[in-house]
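A.B. asks: Below you'll find upload_2.txt; it's compact mmCIF, C-alpha atoms.
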# COMPACT_ATOMS: atom_id res chain seq x y z
CA MET A 13 140.09 -107.87 100.29
CA LEU A 14 139.43 -104.17 100.12
CA ILE A 15 138.72 -103.90 103.85
CA GLY A 16 139.76 -100.23 103.85
CA ILE A 17 136.85 -99.02 101.77
CA HIS A 18 134.23 -101.30 103.37
CA SER A 19 134.11 -99.17 106.52
CA ARG A 20 133.84 -95.78 104.77
CA LYS A 21 130.18 -95.00 105.32
CA GLY A 22 129.67 -92.13 102.86
CA LEU A 23 131.53 -93.93 100.09
CA GLN A 24 129.49 -97.10 100.72
CA LEU A 25 126.19 -95.20 100.45
CA ALA A 26 127.36 -93.85 97.07
CA VAL A 27 128.42 -97.34 95.91
CA GLY A 28 125.01 -98.70 97.00
CA LEU A 29 123.21 -95.99 95.04
CA LEU A 30 125.29 -96.55 91.88
CA LEU A 31 124.89 -100.33 92.03
CA GLY A 32 121.14 -99.84 92.57
CA ILE A 33 120.89 -97.59 89.50
CA ALA A 34 122.61 -100.25 87.39
CA PHE A 35 120.42 -102.99 88.93
CA GLY A 36 117.19 -101.06 88.29
CA PHE A 37 118.30 -100.24 84.74
CA LEU A 38 118.92 -103.94 84.04
CA LEU A 39 115.63 -105.08 85.64
CA GLN A 40 113.64 -102.60 83.54
CA LYS A 41 115.49 -103.48 80.32
CA GLY A 42 114.86 -107.14 81.11
CA GLY A 43 111.12 -106.53 81.35
CA VAL A 44 110.82 -107.97 84.87
CA THR A 45 109.58 -104.69 86.34
CA ARG A 46 106.32 -105.53 84.51
CA TYR A 47 103.46 -107.32 86.28
CA ASP A 48 102.55 -109.11 83.04
CA VAL A 49 106.03 -110.65 82.72
CA ILE A 50 106.24 -111.83 86.35
CA ILE A 51 102.71 -113.28 86.37
CA GLY A 52 103.51 -114.80 82.96
CA GLN A 53 106.35 -116.72 84.62
CA LEU A 54 104.19 -117.96 87.51
CA LEU A 55 101.62 -119.16 84.93
CA PHE A 56 104.38 -120.74 82.73
CA ARG A 57 103.50 -118.49 79.77
CA ASP A 58 106.71 -116.42 79.72
CA PHE A 59 110.10 -117.65 80.96
CA THR A 60 111.89 -114.28 81.09
CA VAL A 61 112.11 -114.28 84.91
CA LEU A 62 113.75 -117.71 85.08
CA LYS A 63 116.13 -116.93 82.19
CA ILE A 64 117.33 -113.77 83.98
CA MET A 65 117.57 -115.38 87.42
CA LEU A 66 119.36 -118.51 86.22
CA SER A 67 121.91 -116.60 84.14
CA ALA A 68 122.49 -114.18 87.04
CA VAL A 69 123.03 -117.08 89.46
CA LEU A 70 125.33 -118.85 86.96
CA THR A 71 127.47 -115.74 86.38
CA GLY A 72 127.40 -114.66 90.01
CA MET A 73 128.19 -118.10 91.40
CA ILE A 74 131.30 -118.63 89.25
CA GLY A 75 132.56 -115.09 89.93
CA VAL A 76 131.88 -115.00 93.65
CA HIS A 77 133.53 -118.37 94.25
CA ALA A 78 136.53 -117.31 92.12
CA LEU A 79 136.80 -114.06 94.10
CA LYS A 80 136.63 -116.07 97.31
CA SER A 81 139.35 -118.44 96.09
CA LEU A 82 141.49 -115.36 95.30
CA ASP A 83 140.73 -113.97 98.79
CA LEU A 84 139.05 -110.89 97.26
CA ALA A 85 135.63 -111.61 98.73
CA ARG A 86 134.01 -113.53 101.55
CA LEU A 87 130.64 -115.23 101.51
CA HIS A 88 127.66 -114.17 103.59
CA PRO A 89 125.20 -117.08 103.49
CA LYS A 90 122.00 -116.22 105.37
CA PRO A 91 121.08 -118.34 108.37
CA GLY A 92 117.87 -120.30 108.10
CA SER A 93 115.51 -122.93 109.41
CA VAL A 94 112.65 -124.90 107.92
CA GLY A 95 110.35 -122.48 109.76
CA THR A 96 111.90 -119.41 108.10
CA SER A 97 112.98 -120.59 104.63
CA VAL A 98 110.08 -122.94 103.84
CA VAL A 99 107.13 -121.51 105.80
CA GLY A 100 108.22 -117.88 105.35
CA GLY A 101 109.11 -118.62 101.74
CA LEU A 102 105.62 -119.97 101.04
CA VAL A 103 104.04 -116.88 102.68
CA PHE A 104 106.27 -114.71 100.47
CA GLY A 105 105.17 -116.79 97.47
CA VAL A 106 101.48 -116.14 98.16
CA GLY A 107 102.23 -112.40 98.24
CA PHE A 108 104.32 -112.79 95.06
CA GLY A 109 101.40 -114.41 93.20
CA VAL A 110 98.89 -111.78 94.38
CA LEU A 111 101.07 -108.67 93.96
CA GLY A 112 102.93 -109.77 90.83
CA TYR A 113 106.11 -107.93 91.81
CA CYS A 114 108.85 -108.67 94.37
CA PRO A 115 110.58 -106.14 96.68
CA GLY A 116 113.27 -105.33 94.07
CA THR A 117 111.10 -105.31 90.95
CA VAL A 118 108.36 -103.33 92.73
CA ALA A 119 110.89 -100.50 93.17
CA GLY A 120 111.75 -100.75 89.47
CA ALA A 121 108.05 -100.74 88.58
CA VAL A 122 107.66 -97.50 90.57
CA GLY A 123 110.44 -95.99 88.44
CA GLN A 124 108.65 -96.82 85.20
CA GLY A 125 105.34 -95.33 86.42
CA SER A 126 103.34 -98.34 87.66
CA MET A 127 100.93 -96.93 90.25
CA ASP A 128 99.76 -100.35 91.52
CA ALA A 129 103.41 -100.94 92.47
CA LEU A 130 103.76 -97.61 94.31
CA LEU A 131 100.42 -97.30 96.10
CA GLY A 132 99.70 -101.02 96.48
CA GLY A 133 102.99 -102.91 96.44
CA VAL A 134 105.37 -100.55 98.25
CA VAL A 135 102.79 -99.43 100.84
CA GLY A 136 101.74 -103.05 101.42
CA ILE A 137 105.30 -104.36 101.83
CA LEU A 138 106.06 -101.56 104.33
CA LEU A 139 102.91 -102.44 106.31
CA GLY A 140 103.74 -106.14 106.17
CA ALA A 141 107.34 -105.58 107.29
CA GLY A 142 106.08 -103.45 110.21
CA LEU A 143 103.54 -106.12 111.15
CA PHE A 144 106.30 -108.74 111.16
CA ALA A 145 108.50 -106.56 113.40
CA ALA A 146 105.58 -106.29 115.84
CA VAL A 147 104.91 -110.04 116.09
CA TYR A 148 108.58 -111.09 115.84
CA PRO A 149 109.15 -111.49 119.63
CA ARG A 150 106.18 -113.88 119.84
CA ILE A 151 107.28 -116.20 117.03
CA GLN A 152 111.05 -115.86 117.41
CA ASN A 153 111.43 -118.97 119.56
CA SER A 154 108.62 -121.04 118.08
CA VAL A 155 107.96 -121.26 114.34
CA LEU A 156 111.06 -119.26 113.30
CA SER A 157 113.45 -121.67 115.00
CA LYS A 158 111.77 -124.94 113.88
CA GLY A 159 114.31 -127.08 112.06
CA HIS A 160 117.15 -124.58 112.54
CA PHE A 161 120.25 -125.27 110.42
CA GLY A 162 122.13 -121.94 110.56
CA GLU A 163 124.41 -120.34 107.96
CA ILE A 164 125.31 -123.58 106.23
CA THR A 165 126.11 -123.84 102.50
CA LEU A 166 125.60 -126.86 100.23
CA PRO A 167 129.36 -127.65 100.07
CA GLU A 168 129.48 -127.59 103.89
CA LEU A 169 126.39 -129.79 104.08
CA PHE A 170 127.89 -132.38 101.71
CA LYS A 171 131.40 -131.87 103.20
CA VAL A 172 133.00 -131.29 99.78
CA HIS A 173 135.10 -128.56 98.14
CA PRO A 174 132.92 -125.59 97.02
CA TRP A 175 133.87 -126.10 93.34
CA ALA A 176 132.59 -129.68 93.57
CA VAL A 177 129.12 -128.17 93.96
CA VAL A 178 129.61 -125.08 91.75
CA LEU A 179 130.45 -127.11 88.63
CA PRO A 180 127.46 -129.52 88.79
CA VAL A 181 125.12 -126.56 89.50
CA VAL A 182 126.59 -124.73 86.47
CA ALA A 183 125.85 -127.83 84.36
CA LEU A 184 122.33 -128.11 85.79
CA ILE A 185 121.54 -124.45 85.04
CA VAL A 186 122.88 -124.75 81.47
CA VAL A 187 120.74 -127.86 80.87
CA LEU A 188 117.67 -126.09 82.30
CA LEU A 189 118.22 -123.03 80.10
CA VAL A 190 118.66 -125.21 76.99
CA LEU A 191 115.44 -127.08 77.84
CA ILE A 192 113.56 -123.79 78.35
CA GLU A 193 114.83 -122.49 74.98
CA ARG A 194 113.89 -125.75 73.22
CA ALA A 195 110.39 -125.72 74.71
CA GLY A 196 110.23 -122.17 73.32
CA MET B 19 124.31 -95.90 71.77
CA GLU B 20 121.20 -97.51 70.29
CA TRP B 21 121.24 -100.22 72.98
CA LEU B 22 120.41 -97.64 75.64
CA THR B 23 117.16 -96.70 73.92
CA MET B 24 116.07 -100.29 73.22
CA GLU B 25 112.89 -101.29 75.03
CA ARG B 26 114.08 -104.81 75.93
CA TRP B 27 117.45 -106.51 76.19
CA SER B 28 118.11 -110.23 75.94
CA PRO B 29 117.28 -111.85 79.31
CA TYR B 30 120.72 -113.50 79.21
CA ALA B 31 122.49 -110.14 78.84
CA VAL B 32 120.45 -108.82 81.76
CA GLY B 33 121.14 -111.90 83.90
CA ILE B 34 124.89 -111.80 83.21
CA GLY B 35 124.85 -108.08 84.01
CA ILE B 36 123.18 -108.73 87.37
CA GLY B 37 125.72 -111.49 88.07
CA VAL B 38 128.59 -109.04 87.41
CA LEU B 39 126.93 -106.44 89.68
CA SER B 40 126.96 -109.03 92.45
CA TRP B 41 130.73 -109.48 92.03
CA ILE B 42 131.20 -105.72 92.34
CA ALA B 43 128.96 -105.61 95.43
CA PHE B 44 130.98 -108.37 97.12
CA VAL B 45 134.35 -106.77 96.32
CA LEU B 46 133.56 -103.08 96.91
CA SER B 47 130.99 -103.39 99.70
CA ASP B 48 131.38 -106.92 101.14
CA LYS B 49 127.61 -107.34 100.66
CA PRO B 50 125.23 -109.48 98.61
CA LEU B 51 122.58 -107.64 96.57
CA GLY B 52 119.24 -107.62 98.39
CA CYS B 53 116.17 -105.43 98.72
CA SER B 54 113.71 -106.46 101.41
CA THR B 55 115.64 -105.41 104.55
CA ALA B 56 115.45 -101.83 103.26
CA PHE B 57 111.65 -102.06 103.46
CA ALA B 58 111.85 -103.22 107.09
CA ARG B 59 114.18 -100.31 107.96
CA THR B 60 111.89 -97.82 106.20
CA SER B 61 108.85 -99.22 107.99
CA GLY B 62 110.69 -98.72 111.29
CA MET B 63 111.69 -95.14 110.35
CA ILE B 64 108.08 -94.26 109.47
CA GLU B 65 106.71 -95.86 112.64
CA LYS B 66 109.33 -93.99 114.67
CA MET B 67 108.12 -90.70 113.16
CA LEU B 68 104.51 -91.54 114.01
CA ARG B 69 104.87 -93.17 117.43
CA GLY B 70 108.20 -91.99 118.78
CA ARG B 71 111.45 -93.60 119.81
CA THR B 72 109.89 -96.47 121.81
CA VAL B 73 109.52 -98.25 118.46
CA LEU B 74 113.30 -98.71 118.51
CA ASP B 75 112.96 -100.97 121.59
CA ARG B 76 111.34 -103.67 119.48
CA PRO B 77 113.70 -106.67 119.30
CA TYR B 78 113.41 -106.72 115.50
CA TYR B 79 114.68 -103.14 115.23
CA GLN B 80 117.52 -103.94 117.61
CA LYS B 81 118.58 -106.44 114.94
CA PHE B 82 117.84 -104.21 111.94
CA THR B 83 118.28 -100.57 112.96
CA PRO B 84 115.79 -98.29 111.17
CA GLU B 85 118.33 -96.12 109.32
CA ILE B 86 119.53 -95.31 105.84
CA ASP B 87 122.20 -97.83 104.89
CA TRP B 88 123.88 -99.30 101.80
CA GLU B 89 120.91 -101.49 100.88
CA TRP B 90 118.45 -98.61 101.37
CA MET B 91 120.45 -96.56 98.85
CA LEU B 92 120.47 -99.59 96.53
CA VAL B 93 116.65 -99.70 96.49
CA ILE B 94 116.45 -95.94 95.83
CA GLY B 95 118.92 -96.56 93.02
CA VAL B 96 116.66 -99.27 91.54
CA ILE B 97 113.84 -96.72 91.25
CA VAL B 98 116.19 -94.21 89.59
CA GLY B 99 117.75 -96.81 87.26
CA ALA B 100 114.38 -98.15 86.11
CA PHE B 101 113.20 -94.58 85.55
CA LEU B 102 116.29 -93.86 83.41
CA SER B 103 115.83 -97.07 81.41
CA ALA B 104 112.10 -96.43 80.82
CA THR B 105 112.72 -92.79 79.90
CA LEU B 106 115.51 -93.64 77.43
CA SER B 107 113.28 -96.20 75.68
CA LYS B 108 110.28 -93.85 75.90
CA THR B 109 108.26 -96.50 77.78
CA PHE B 110 107.83 -94.45 80.97
CA GLY B 111 104.15 -93.91 81.63
CA ILE B 112 101.68 -93.75 84.50
CA GLU B 113 99.85 -97.08 84.55
CA TRP B 114 97.14 -97.94 87.08
CA VAL B 115 96.17 -101.41 85.89
CA PRO B 116 98.59 -103.87 84.19
CA ALA B 117 97.30 -105.19 80.84
CA TYR B 118 97.23 -108.88 81.76
CA TRP B 119 95.31 -108.20 84.97
CA GLN B 120 92.90 -105.91 83.11
CA ALA B 121 92.11 -108.58 80.49
CA ALA B 122 91.04 -111.02 83.22
CA ALA B 123 89.75 -108.86 86.06
CA GLY B 124 88.58 -105.65 84.42
CA GLU B 125 89.85 -102.09 84.31
CA SER B 126 89.02 -101.00 87.88
CA ALA B 127 92.09 -99.28 89.34
CA VAL B 128 90.58 -99.52 92.84
CA ILE B 129 90.22 -103.31 92.71
CA ARG B 130 93.76 -103.72 91.37
CA TRP B 131 95.03 -101.35 94.07
CA ILE B 132 93.31 -103.30 96.89
CA VAL B 133 94.62 -106.62 95.55
CA ALA B 134 98.15 -105.22 95.16
CA LEU B 135 98.02 -103.78 98.69
CA LEU B 136 96.92 -107.12 100.18
CA GLY B 137 99.58 -108.96 98.16
CA GLY B 138 102.15 -106.42 99.35
CA VAL B 139 101.24 -106.93 103.02
CA VAL B 140 101.57 -110.72 102.70
CA MET B 141 104.85 -110.31 100.81
CA GLY B 142 106.19 -107.87 103.42
CA VAL B 143 105.48 -110.37 106.18
CA GLY B 144 106.85 -113.27 104.11
CA ALA B 145 110.05 -111.48 103.10
CA ARG B 146 110.96 -110.77 106.73
CA TRP B 147 109.79 -114.20 107.85
CA ALA B 148 112.01 -115.89 105.24
CA GLY B 149 114.83 -113.39 105.89
CA GLY B 150 115.12 -112.27 102.28
CA CYS B 151 113.43 -111.87 98.91
CA THR B 152 113.86 -112.82 95.27
CA SER B 153 117.11 -110.81 95.15
CA GLY B 154 118.63 -111.57 98.55
CA HIS B 155 117.73 -115.26 98.64
CA GLY B 156 116.70 -115.97 95.03
CA ILE B 157 119.80 -114.59 93.32
CA SER B 158 122.47 -113.60 95.90
CA GLY B 159 121.87 -116.47 98.31
CA THR B 160 121.59 -119.25 95.75
CA MET B 161 124.83 -118.12 94.04
CA GLN B 162 126.60 -118.50 97.41
CA LEU B 163 125.04 -121.98 97.57
CA ALA B 164 123.36 -121.18 100.90
CA VAL B 165 120.98 -123.94 102.01
CA SER B 166 118.54 -121.35 103.44
CA SER B 167 118.37 -119.55 100.08
CA TRP B 168 117.81 -122.62 97.88
CA LEU B 169 114.95 -123.70 100.17
CA ALA B 170 113.52 -120.16 100.24
CA ALA B 171 113.78 -119.65 96.46
CA MET B 172 111.97 -122.94 95.78
CA SER B 173 109.29 -122.01 98.33
CA PHE B 174 108.86 -118.52 96.78
CA PHE B 175 108.10 -120.06 93.39
CA ALA B 176 105.99 -122.93 94.79
CA GLY B 177 103.79 -120.43 96.66
CA GLY B 178 103.79 -117.96 93.77
CA ILE B 179 102.88 -120.51 91.10
CA ALA B 180 100.08 -122.03 93.23
CA THR B 181 98.66 -118.58 94.02
CA ALA B 182 98.83 -117.25 90.44
CA MET B 183 97.21 -120.48 89.15
CA LEU B 184 94.46 -120.16 91.77
CA ILE B 185 93.79 -116.53 90.81
CA TYR B 186 93.86 -116.91 87.03
CA ARG B 187 92.64 -120.49 86.54
CA VAL B 188 90.03 -120.73 89.32
CA LEU B 189 88.96 -117.33 90.67
CA LEU B 190 88.96 -115.10 87.57
Any chance you could put this one into structure tokens?
C.D. replies:
Amino acid sequence: MLIGIHSRKGLQLAVGLLLGIAFGFLLQKGGVTRYDVIIGQLLFRDFTVLKIMLSAVLTGMIGVHALKSLDLARLHPKPGSVGTSVVGGLVFGVGFGVLGYCPGTVAGAVGQGSMDALLGGVVGILLGAGLFAAVYPRIQNSVLSKGHFGEITLPELFKVHPWAVVLPVVALIVVLLVLIERAG
Amino acid sequence: MEWLTMERWSPYAVGIGIGVLSWIAFVLSDKPLGCSTAFARTSGMIEKMLRGRTVLDRPYYQKFTPEIDWEWMLVIGVIVGAFLSATLSKTFGIEWVPAYWQAAAGESAVIRWIVALLGGVVMGVGARWAGGCTSGHGISGTMQLAVSSWLAAMSFFAGGIATAMLIYRVLL
């Protein structure tokens, strides 16, 4: 692991910026910084979003687990509960369907000149995030902790070797992508 | 260098590229790619400017300090990268109302702005509630096989599909 460079703040800010530029470039070239493409996915008219996400997860999953096996990376699975992942996820989904961008693609949409993304999306997400920070203490110990399961991964849940989950998920994603292509 | 000026790339090339970026992020920065925490930090920084330092006492900002960090720079980079891509393909342009919305709901920029703002507020709450977004949970979390992220990603799409269907099939 490259522990030495992880703690160099200025260098890390530069790495973040460069990775972001590459990420934004890819999102825009993929077409997913467009409202029409994202809404097209939610209405099952255009499968670009799923094709990009599934191939990113496939590539990322193999690489990240290989890097972990080689001791070059460590995983950072987010903690969760039914109250956060499912309830919060559904709230996010409602916003996703109304806005037609997500927090990453809304930034990309701003870069290509979409004013609904800048004045609506970005301003709205900032307001929403602030609102959440204000009510957080009141829901922290109720809905947010319902069905708490922590930072667990699927291999830990099933008590198997990580690659025993990676390989079937790879197969599942490939099958899904083939089916999407066939359905055309 | 024709590929740089192309308007669209294959979704598989883009997806593989994003997957490779995530390897680089893990190795160089020990971090998964994500975007929504940067919005929470920015919101805190703006509120601090308007209402003073007492904002920092909020328990949420004790957890996520309102400051410029790696992920904040990443989101700025996304804006720059998309601008570069759109400029190279000559598709950069000020757009107030997306075409698909306009075909169903009309050309009013004010109505689209209000709807986008409302959607943004709900998404801002939801992203913090779920602890991540389509990047942090949907791509970076699922690739790590995190249980929280698979549940969140499925919920994002379940909520998104139901809402988009309601808007386009029932309301408009």
A.B. asks: Skipping near chain neighbours, those fewer than 4 positions away, what residues fall within 9 Å of stretch 187-193 of chain A using all atoms listed in the file, listed as a count of residues only?
C.D. replies: 7
A.B. asks: Enter the distance from atom CA of B:Trp21 to atom CA of A:Leu38, in Å, rounded to one decimal.
C.D. replies: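 Between atom CA of B:Trp21 and atom CA of A:Leu38 the gap works out to 11.9 Å.
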A.B. asks: What would the list of residues within 10 Å of (106.6, -103.0, 103.4) (file frame) look like as a JSON list (two decimals) with C-alpha atoms, keeping the file's coordinate frame, if only C-alpha atoms are what count?
C.D. replies:
[["chain", "number", "residue", "atom", "x", "y", "z"],
["A", 115, "PRO", "CA", 110.58, -106.14, 96.68],
["A", 132, "GLY", "CA", 99.70, -101.02, 96.48],
["A", 133, "GLY", "CA", 102.99, -102.91, 96.44],
["A", 134, "VAL", "CA", 105.37, -100.55, 98.25],
["A", 135, "VAL", "CA", 102.79, -99.43, 100.84],
["A", 136, "GLY", "CA", 101.74, -103.05, 101.42],
["A", 137, "ILE", "CA", 105.30, -104.36, 101.83],
["A", 138, "LEU", "CA", 106.06, -101.56, 104.33],
["A", 139, "LEU", "CA", 102.91, -102.44, 106.31],
["A", 140, "GLY", "CA", 103.74, -106.14, 106.17],
["A", 141, "ALA", "CA", 107.34, -105.58, 107.29],
["A", 142, "GLY", "CA", 106.08, -103.45, 110.21],
["A", 143, "LEU", "CA", 103.54, -106.12, 111.15],
["A", 144, "PHE", "CA", 106.30, -108.74, 111.16],
["B", 54, "SER", "CA", 113.71, -106.46, 101.41],
["B", 55, "THR", "CA", 115.64, -105.41, 104.55],
["B", 56, "ALA", "CA", 115.45, -101.83, 103.26],
["B", 57, "PHE", "CA", 111.65, -102.06, 103.46],
["B", 58, "ALA", "CA", 111.85, -103.22, 107.09],
["B", 59, "ARG", "CA", 114.18, -100.31, 107.96],
["B", 60, "THR", "CA", 111.89, -97.82, 106.20],
["B", 61, "SER", "CA", 108.85, -99.22, 107.99],
["B", 62, "GLY", "CA", 110.69, -98.72, 111.29],
["B", 135, "LEU", "CA", 98.02, -103.78, 98.69],
["B", 138, "GLY", "CA", 102.15, -106.42, 99.35],
["B", 139, "VAL", "CA", 101.24, -106.93, 103.02],
["B", 140, "VAL", "CA", 101.57, -110.72, 102.70],
["B", 141, "MET", "CA", 104.85, -110.31, 100.81],
["B", 142, "GLY", "CA", 106.19, -107.87, 103.42],
["B", 143, "VAL", "CA", 105.48, -110.37, 106.18],
["B", 145, "ALA", "CA", 110.05, -111.48, 103.10],
["B", 146, "ARG", "CA", 110.96, -110.77, 106.73]]
A.B. asks: I'd like the neighbourhood of stretch 39-52 of chain B as a ChimeraX atom specification, where a residue qualifies if any of its atoms comes within 6 Å (using only C-alpha atoms), though same-chain residues fewer than 6 positions away should be ignored.
C.D. replies: /A:18,76,85 /B:153-154,158
A.B. asks: Please tell me which residues are no farther than 8 Å from (106.5, -116.6, 101.9) in the file, counting only C-alpha atoms, and write them as a PyMOL selection string.
C.D. replies: (chain A and resi 98-107) or (chain B and resi 140-141+143-145+147-148+173-174+177)
A.B. asks: May I have the selected residues written with C-alpha atoms, as a compact mmCIF listing (two decimals), in the coordinates of the input?
C.D. replies:
# COMPACT_ATOMS: atom_id res chain seq x y z
CA VAL A 98 110.08 -122.94 103.84
CA VAL A 99 107.13 -121.51 105.80
CA GLY A 100 108.22 -117.88 105.35
CA GLY A 101 109.11 -118.62 101.74
CA LEU A 102 105.62 -119.97 101.04
CA VAL A 103 104.04 -116.88 102.68
CA PHE A 104 106.27 -114.71 100.47
CA GLY A 105 105.17 -116.79 97.47
CA VAL A 106 101.48 -116.14 98.16
CA GLY A 107 102.23 -112.40 98.24
CA VAL B 140 101.57 -110.72 102.70
CA MET B 141 104.85 -110.31 100.81
CA VAL B 143 105.48 -110.37 106.18
CA GLY B 144 106.85 -113.27 104.11
CA ALA B 145 110.05 -111.48 103.10
CA TRP B 147 109.79 -114.20 107.85
CA ALA B 148 112.01 -115.89 105.24
CA SER B 173 109.29 -122.01 98.33
CA PHE B 174 108.86 -118.52 96.78
CA GLY B 177 103.79 -120.43 96.66
A.B. asks: Just how far from atom CA of A:Leu156 is atom CA of B:Val133, in Å to one decimal?
C.D. replies: 27.3 Å
A.B. asks: Hey, which of A:Gly28, A:Gly162, A:Pro180, A:Gly125 ends up closest to B:Phe101? Count only C-alpha atoms.
C.D. replies: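 Looking only at the distances to B:Phe101, the closest residue turns out to be A:Gly125.
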A.B. asks: Which of these residues is nearest to chain A, using all atoms listed in the file: B:His155, B:Arg26, B:Val188, B:Gly70?
C.D. replies: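 Comparing B:His155, B:Arg26, B:Val188, B:Gly70 against chain A, the winner is B:Arg26.
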A.B. asks: What does the distance between atom CA of B:Gly178 and atom CA of A:Phe161 come to in Å, to one decimal place?
C.D. replies: 24.5 Å
A.B. asks: Select, from A:Leu23, A:Phe37, A:Leu179, A:Asn153, the residue with the minimum atom-to-atom distance to chain B, counting all atoms listed in the file.
C.D. replies: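 That would be A:Phe37, the residue with the smallest distance to chain B.
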A.B. asks: Residues at most 6 Å from stretch 161-166 of chain B, counting only C-alpha atoms, excluding those fewer than 6 positions away in the same chain, as a PyMOL selection string?
C.D. replies: chain A and resi 69+72-73+89+92+97+165-166
A.B. asks: So that I can see what lies close to B:Glu20, please list as a PyMOL selection string the residues with an atom at most 10 Å from it, counting all atoms listed in the file and leaving out residues fewer than 4 positions away in the same chain.
C.D. replies: chain B and resi 24+106-107
A.B. asks: Using only C-alpha atoms, can you tell me which of B:Trp27, B:Trp168, B:Phe110, B:Trp119 comes closest to A:Lys41?
C.D. replies: B:Trp27
A.B. asks: Just the residues within 12 Å of A:Ser126, please, counting all atoms listed in the file, with nothing from its chain fewer than 5 positions along; format it as a PyMOL selection string.
C.D. replies: (chain A and resi 40+45-48+112-113+117-121+131-134) or (chain B and resi 97+100-101+104+109-117+127+130-131+134)
A.B. asks: Calculated over all atoms listed in the file, which of the candidates A:Leu111, A:Ser93, A:Met13, A:Ala195 has the smallest distance to B:Ile132?
C.D. replies: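 Among the listed residues, A:Leu111 lies closest to B:Ile132.
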A.B. asks: So which one's closest to chain A, B:Ala123, B:Tyr30, B:Leu74, B:Leu184? Using all atoms listed in the file, please.
C.D. replies: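 Among the listed residues, the smallest separation from chain A belongs to B:Tyr30.
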A.B. asks: Around all of stretch 180-193 of chain A's listed atoms, make the axis-aligned box with 8 Å on each side and tell me centre and edge lengths in Å to one decimal, as JSON.
C.D. replies:
{"center_x": 120.5, "center_y": -126.0, "center_z": 82.2, "size_x": 29.9, "size_y": 23.0, "size_z": 30.5}
